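Report on the structure given below.
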Amino acid sequence: MPLISSIGARSGLDLQSIIDATLEAERVPKKNRLDQQEGRLTVELSAVGEMRSALSKLQESAEKLTEGSLFSAMKASVTQPDSGDVVSVESSENASAGEFELFVQQLAKGSRAVSADGAFASADDEVNTNAGSLTFGAGDESFTLNIEAGSTLEDIRNAVNSSDDNFGVTADIINTGTEAKLVFRSSVTGAGNDLTVTNDNAEFDAISTQANGGGAGGMAIAADDQATDAIIEIDGIQATNDTNTFTDVIQGSTITALKESEGTEKAQLSIARDDAGVQKSIDSFVKAYNSTVDLLSEIGGEDSMLQGDATVRTLKSQLNNVLTSTFGEGQTLFDLGFGLDKEGRLQQENPVTNVKDVLAENPSALQNVIGGENGLAARMETLLDGYVSAGGSLQMRRDSINESLDRVEESRESLALRMESLRETLNSKYQALDSLVGQLQSRGNAVTAQLANLPGFTRDND
């Protein structure tokens, strides 16, 4: 018997369409329910992620307001002379407010040693036939360099510059046109910290500041090339240091000399409380808070997927409670210039005063209310930690949503298996039906043919 290629081939009935329609009628309602459930969960997951992101930013901005140094930080402002920057200044919270004039008399610099005239004709001159070593020293720094036999002036320059132990010595070769001059520069500054180069092989005397046998070597440090201290004046009072960085010459401040002053020009230094830094942190907090309020209003508003959501309602209420709390000695945010608009967004002014004026006139009150141990920022940080921490409510909710999405996916797979099983069952039943109908049709056709052959039988073609 030949194979039947499709259901309905024997009977001539469109049984495949009946099977497909039956499967669709069974599958579509269940698929739609799963699609709706997945869509709702996806929107909820996105909303929870947005909430967690916004709250994390708000927590970070609140944390900055709790830093003890924020309200006590001092800022140094320097007005440089017309010739350019002569100093840079950084001040810590230990600095006192004041105005100063700064003059750079001399920069600290390292020393420079130069080989003697006529010592080398070119960079290719061989310096030594036997191996040996050079020891470089300046101040408390030193390193020793082993030199191979047959090294040229250029080999030695390269060896100095590539040494891992080098503390800051640079070797150069200057070709004058008639000879090659070897130059060693030391980065170690300060009077008395001139570079010294000693050796254990008299062949290196020409590139040492001290000869192997005693006395001066071939490398000399001119008076203008000696290491020097930095000298600055603060309001006419002279200070000296072996580097260009002066720490606590003005108590709580670090001054770095950048270049020598020209003529009598001076830089003007002003040290004052860093109100701009405080204001910047407050601005950041207000922006983060208002972004959070806007987000909660959006995702919990009318016609939103989280309309009436308990977490959104609770969070909005808790945030508002923190803002309207009493801090310190019975003060509120509104006593310090803050306000709330009709949407619950935080403002930095109210009908009585504003934050900027309070910061200028009474910074300690602002510090106590905002940055105090039990102030606004600390309370806000504690509240938000319960939502955004690893074990916080939003993390737990996100995990729960992801588990539900996993179950939806499992349900899809289960539905696909059930549909496949149902298809096989229907195929089997309709194949049997197709076979039975086909057989009945064949028998009917045979009977009709036999009847047609009987005498007097007339087929009714109507």
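Numbering starts fresh at 1 for the residues of each chain in the structure tokens, the chains themselves are lettered A, B, ... in the order given, and ligands are numbered from 1 as they appear.
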Wanna dump the range 253-320 of chain A-range 30-54 of chain A contacts at 12 Å for me, each residue with its shortest atom pair and the distance in Å to one decimal, counting only C-alpha atoms, ordered by chain and number, as JSON lines?
```
{"residue": "A:Phe285", "atom": "CA", "partner": "A:Ala54", "partner_atom": "CA", "distance": 11.5}
{"residue": "A:Lys287", "atom": "CA", "partner": "A:Ala54", "partner_atom": "CA", "distance": 10.7}
{"residue": "A:Ala288", "atom": "CA", "partner": "A:Ala54", "partner_atom": "CA", "distance": 7.2}
{"residue": "A:Tyr289", "atom": "CA", "partner": "A:Ala54", "partner_atom": "CA", "distance": 8.5}
{"residue": "A:Asn290", "atom": "CA", "partner": "A:Ala54", "partner_atom": "CA", "distance": 9.9}
{"residue": "A:Ser291", "atom": "CA", "partner": "A:Ala54", "partner_atom": "CA", "distance": 7.1}
{"residue": "A:Thr292", "atom": "CA", "partner": "A:Ala54", "partner_atom": "CA", "distance": 5.6}
{"residue": "A:Val293", "atom": "CA", "partner": "A:Ala54", "partner_atom": "CA", "distance": 9.3}
{"residue": "A:Asp294", "atom": "CA", "partner": "A:Ala54", "partner_atom": "CA", "distance": 10.1}
{"residue": "A:Leu295", "atom": "CA", "partner": "A:Met51", "partner_atom": "CA", "distance": 7.4}
{"residue": "A:Leu296", "atom": "CA", "partner": "A:Met51", "partner_atom": "CA", "distance": 7.5}
{"residue": "A:Ser297", "atom": "CA", "partner": "A:Met51", "partner_atom": "CA", "distance": 11.1}
{"residue": "A:Glu298", "atom": "CA", "partner": "A:Ala47", "partner_atom": "CA", "distance": 9.8}
{"residue": "A:Ile299", "atom": "CA", "partner": "A:Ala47", "partner_atom": "CA", "distance": 6.7}
{"residue": "A:Gly300", "atom": "CA", "partner": "A:Ala47", "partner_atom": "CA", "distance": 9.4}
{"residue": "A:Ser304", "atom": "CA", "partner": "A:Val43", "partner_atom": "CA", "distance": 9.6}
{"residue": "A:Met305", "atom": "CA", "partner": "A:Val43", "partner_atom": "CA", "distance": 7.0}
{"residue": "A:Leu306", "atom": "CA", "partner": "A:Glu44", "partner_atom": "CA", "distance": 7.0}
{"residue": "A:Gln307", "atom": "CA", "partner": "A:Glu44", "partner_atom": "CA", "distance": 10.8}
{"residue": "A:Asp309", "atom": "CA", "partner": "A:Glu44", "partner_atom": "CA", "distance": 10.1}
{"residue": "A:Thr311", "atom": "CA", "partner": "A:Val48", "partner_atom": "CA", "distance": 9.7}
{"residue": "A:Val312", "atom": "CA", "partner": "A:Met51", "partner_atom": "CA", "distance": 9.0}
{"residue": "A:Leu315", "atom": "CA", "partner": "A:Met51", "partner_atom": "CA", "distance": 10.1}
{"residue": "A:Lys316", "atom": "CA", "partner": "A:Met51", "partner_atom": "CA", "distance": 11.4}
```
Legend entry - Shell of 9 Å around range 359-364 of chain A, only C-alpha atoms, local chain residues under 2 positions omitted, as a VMD selection string: chain A and resid 71 275 278 to 279 336 354 to 357 366 to 369
Inset, instruction - Find, counting only C-alpha atoms, the residue in A:Asp20, A:Asp225, A:Ser187, A:Gly150 that gets nearest to Thr243 in chain A. - result: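 Of the candidates, the smallest distance to Thr243 in chain A is held by A:Ser187.
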Legend entry - A:Gly252, A:Pro29, A:Gly84, A:Gly213 ranked by distance to Glu265 in chain A, top pick (using only C-alpha atoms):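 Smallest distance to Glu265 in chain A is found for A:Gly84.
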Close residues, Lys181 in chain A itself excluded, 9 Å, only C-alpha atoms, min 4 positions apart in chain, as a compact mmCIF listing (two decimals) with all heavy atoms, in the first residue's frame:
```txt
# COMPACT_ATOMS: atom_id res chain seq x y z
N VAL A 114 78.98 67.97 33.41
CA VAL A 114 79.34 67.96 31.99
C VAL A 114 80.78 67.46 31.85
O VAL A 114 81.66 67.81 32.65
CB VAL A 114 79.22 69.38 31.38
CG1 VAL A 114 79.56 69.37 29.90
CG2 VAL A 114 77.81 69.94 31.60
N SER A 115 81.02 66.64 30.82
CA SER A 115 82.37 66.10 30.61
C SER A 115 83.31 67.22 30.17
O SER A 115 82.90 68.25 29.64
CB SER A 115 82.32 64.99 29.56
OG SER A 115 81.84 65.48 28.32
N ALA A 116 84.59 67.00 30.37
CA ALA A 116 85.62 68.01 30.06
C ALA A 116 85.76 68.22 28.56
O ALA A 116 85.46 67.33 27.75
CB ALA A 116 86.96 67.59 30.67
N ASP A 117 86.25 69.40 28.18
CA ASP A 117 86.49 69.70 26.78
C ASP A 117 87.50 68.72 26.20
O ASP A 117 88.54 68.43 26.82
CB ASP A 117 87.01 71.13 26.61
CG ASP A 117 85.96 72.18 26.97
OD1 ASP A 117 84.76 71.81 27.00
OD2 ASP A 117 86.34 73.33 27.22
N GLY A 118 87.20 68.22 25.01
CA GLY A 118 88.14 67.35 24.31
C GLY A 118 88.18 65.93 24.82
O GLY A 118 88.98 65.13 24.33
N ALA A 119 87.33 65.57 25.77
CA ALA A 119 87.37 64.22 26.34
C ALA A 119 86.92 63.16 25.32
O ALA A 119 87.48 62.06 25.28
CB ALA A 119 86.51 64.15 27.59
N PHE A 120 85.94 63.50 24.50
CA PHE A 120 85.41 62.53 23.54
C PHE A 120 85.18 63.21 22.20
O PHE A 120 84.64 64.31 22.12
CB PHE A 120 84.08 61.93 24.04
CG PHE A 120 84.19 61.30 25.40
CD1 PHE A 120 83.75 61.98 26.54
CD2 PHE A 120 84.75 60.04 25.55
CE1 PHE A 120 83.85 61.39 27.78
CE2 PHE A 120 84.86 59.45 26.80
CZ PHE A 120 84.42 60.13 27.93
N ALA A 121 85.61 62.53 21.16
CA ALA A 121 85.44 63.08 19.81
C ALA A 121 84.03 62.82 19.29
O ALA A 121 83.44 63.65 18.59
CB ALA A 121 86.47 62.47 18.86
N SER A 122 83.48 61.63 19.62
CA SER A 122 82.14 61.30 19.14
C SER A 122 81.47 60.34 20.11
O SER A 122 82.10 59.80 21.02
CB SER A 122 82.19 60.66 17.75
OG SER A 122 82.66 59.33 17.82
N ALA A 123 80.18 60.11 19.87
CA ALA A 123 79.41 59.20 20.73
C ALA A 123 79.86 57.76 20.57
O ALA A 123 79.58 56.91 21.41
CB ALA A 123 77.92 59.31 20.40
N ASP A 172 72.72 62.52 28.57
CA ASP A 172 72.56 63.02 27.20
C ASP A 172 73.94 63.18 26.58
O ASP A 172 74.95 63.34 27.28
CB ASP A 172 71.85 64.38 27.19
CG ASP A 172 70.41 64.28 27.63
OD1 ASP A 172 69.65 63.54 26.99
OD2 ASP A 172 70.04 64.93 28.63
N ILE A 173 73.97 63.14 25.26
CA ILE A 173 75.20 63.42 24.51
C ILE A 173 74.92 64.62 23.61
O ILE A 173 73.95 64.61 22.84
CB ILE A 173 75.65 62.22 23.67
CG1 ILE A 173 76.01 61.04 24.59
CG2 ILE A 173 76.84 62.59 22.79
CD1 ILE A 173 76.33 59.76 23.83
N ILE A 174 75.70 65.64 23.74
CA ILE A 174 75.56 66.84 22.90
C ILE A 174 76.73 66.88 21.92
O ILE A 174 77.90 66.93 22.33
CB ILE A 174 75.54 68.12 23.76
CG1 ILE A 174 74.35 68.08 24.72
CG2 ILE A 174 75.49 69.36 22.87
CD1 ILE A 174 74.29 69.24 25.68
N ASN A 175 76.40 66.81 20.65
CA ASN A 175 77.44 66.85 19.61
C ASN A 175 77.62 68.30 19.16
O ASN A 175 76.72 68.91 18.57
CB ASN A 175 77.02 65.98 18.42
CG ASN A 175 76.94 64.51 18.80
OD1 ASN A 175 77.95 63.92 19.18
ND2 ASN A 175 75.75 63.93 18.69
N THR A 176 78.81 68.87 19.44
CA THR A 176 79.06 70.29 19.15
C THR A 176 79.51 70.54 17.72
O THR A 176 79.54 71.68 17.25
CB THR A 176 80.14 70.83 20.10
OG1 THR A 176 81.39 70.20 19.80
CG2 THR A 176 79.76 70.59 21.55
```
Inset, instruction - From a DSSP calculation on the backbone, collect every residue of range 6-143 of chain A in alpha helix (DSSP H) and output the set as a PyMOL selection string. - result: chain A and resi 15-65
Legend entry - Nearby residues (only C-alpha atoms) at most 9 Å from range 156-160 of chain A, same-chain spacing under 4 positions excluded, as a ChimeraX atom specification: /A:127,145-147,151-152,166,169-173,182,184
Legend entry - Contact residues around Asp140 in chain A with only C-alpha atoms at 12 Å, ignoring same-chain residues under 6 positions, as an MDAnalysis selection string: chainID A and resid 167 188:190 192:196
Deliver the residues from the most recent selection as a file, using N, CA and C atoms, as a PDB file, in the first residue's frame.
```pdb
ATOM      1  N   PHE A 167      67.360  56.598  40.069  1.00  0.00           N
ATOM      2  CA  PHE A 167      66.488  57.406  40.923  1.00  0.00           C
ATOM      3  C   PHE A 167      66.084  58.724  40.272  1.00  0.00           C
ATOM      4  N   VAL A 188      67.248  65.303  41.710  1.00  0.00           N
ATOM      5  CA  VAL A 188      67.246  65.549  43.160  1.00  0.00           C
ATOM      6  C   VAL A 188      67.609  67.011  43.401  1.00  0.00           C
ATOM      7  N   THR A 189      66.674  67.755  43.976  1.00  0.00           N
ATOM      8  CA  THR A 189      66.860  69.189  44.188  1.00  0.00           C
ATOM      9  C   THR A 189      67.351  69.461  45.604  1.00  0.00           C
ATOM     10  N   GLY A 190      67.701  70.741  45.850  1.00  0.00           N
ATOM     11  CA  GLY A 190      68.114  71.166  47.180  1.00  0.00           C
ATOM     12  C   GLY A 190      69.600  71.424  47.277  1.00  0.00           C
ATOM     13  N   GLY A 192      73.312  71.402  48.318  1.00  0.00           N
ATOM     14  CA  GLY A 192      74.103  70.331  48.922  1.00  0.00           C
ATOM     15  C   GLY A 192      73.794  68.962  48.363  1.00  0.00           C
ATOM     16  N   ASN A 193      72.815  68.863  47.447  1.00  0.00           N
ATOM     17  CA  ASN A 193      72.441  67.562  46.880  1.00  0.00           C
ATOM     18  C   ASN A 193      72.959  67.398  45.451  1.00  0.00           C
ATOM     19  N   ASP A 194      74.174  67.937  45.208  1.00  0.00           N
ATOM     20  CA  ASP A 194      74.762  67.812  43.878  1.00  0.00           C
ATOM     21  C   ASP A 194      75.021  66.341  43.541  1.00  0.00           C
ATOM     22  N   LEU A 195      74.959  66.025  42.245  1.00  0.00           N
ATOM     23  CA  LEU A 195      75.200  64.676  41.765  1.00  0.00           C
ATOM     24  C   LEU A 195      76.668  64.295  41.946  1.00  0.00           C
ATOM     25  N   THR A 196      76.904  63.074  42.397  1.00  0.00           N
ATOM     26  CA  THR A 196      78.258  62.516  42.464  1.00  0.00           C
ATOM     27  C   THR A 196      78.283  61.244  41.636  1.00  0.00           C
TER      28      THR A 196
END
```
Inset, instruction - Please provide as an MDAnalysis selection string all residues within 10 Å of Phe334 in chain A, with the sequence filter that same-chain residues fewer than 6 positions apart are discarded (counting only C-alpha atoms). - result: chainID A and resid 323:324 326 340 347:355
Legend entry - Closest of A:Gly391, A:Gln105, A:Leu23, A:Val447 to Glu424 in chain A - atom-to-atom distances counting only C-alpha atoms: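 Closest to Glu424 in chain A, using only C-alpha atoms: A:Leu23.
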Inset, instruction - To one decimal in Å, tell me the separation between CA of Phe246 in chain A and CA of Arg112 in chain A. - result: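 One can read the CA of Phe246 in chain A to CA of Arg112 in chain A distance as 23.7 Å.
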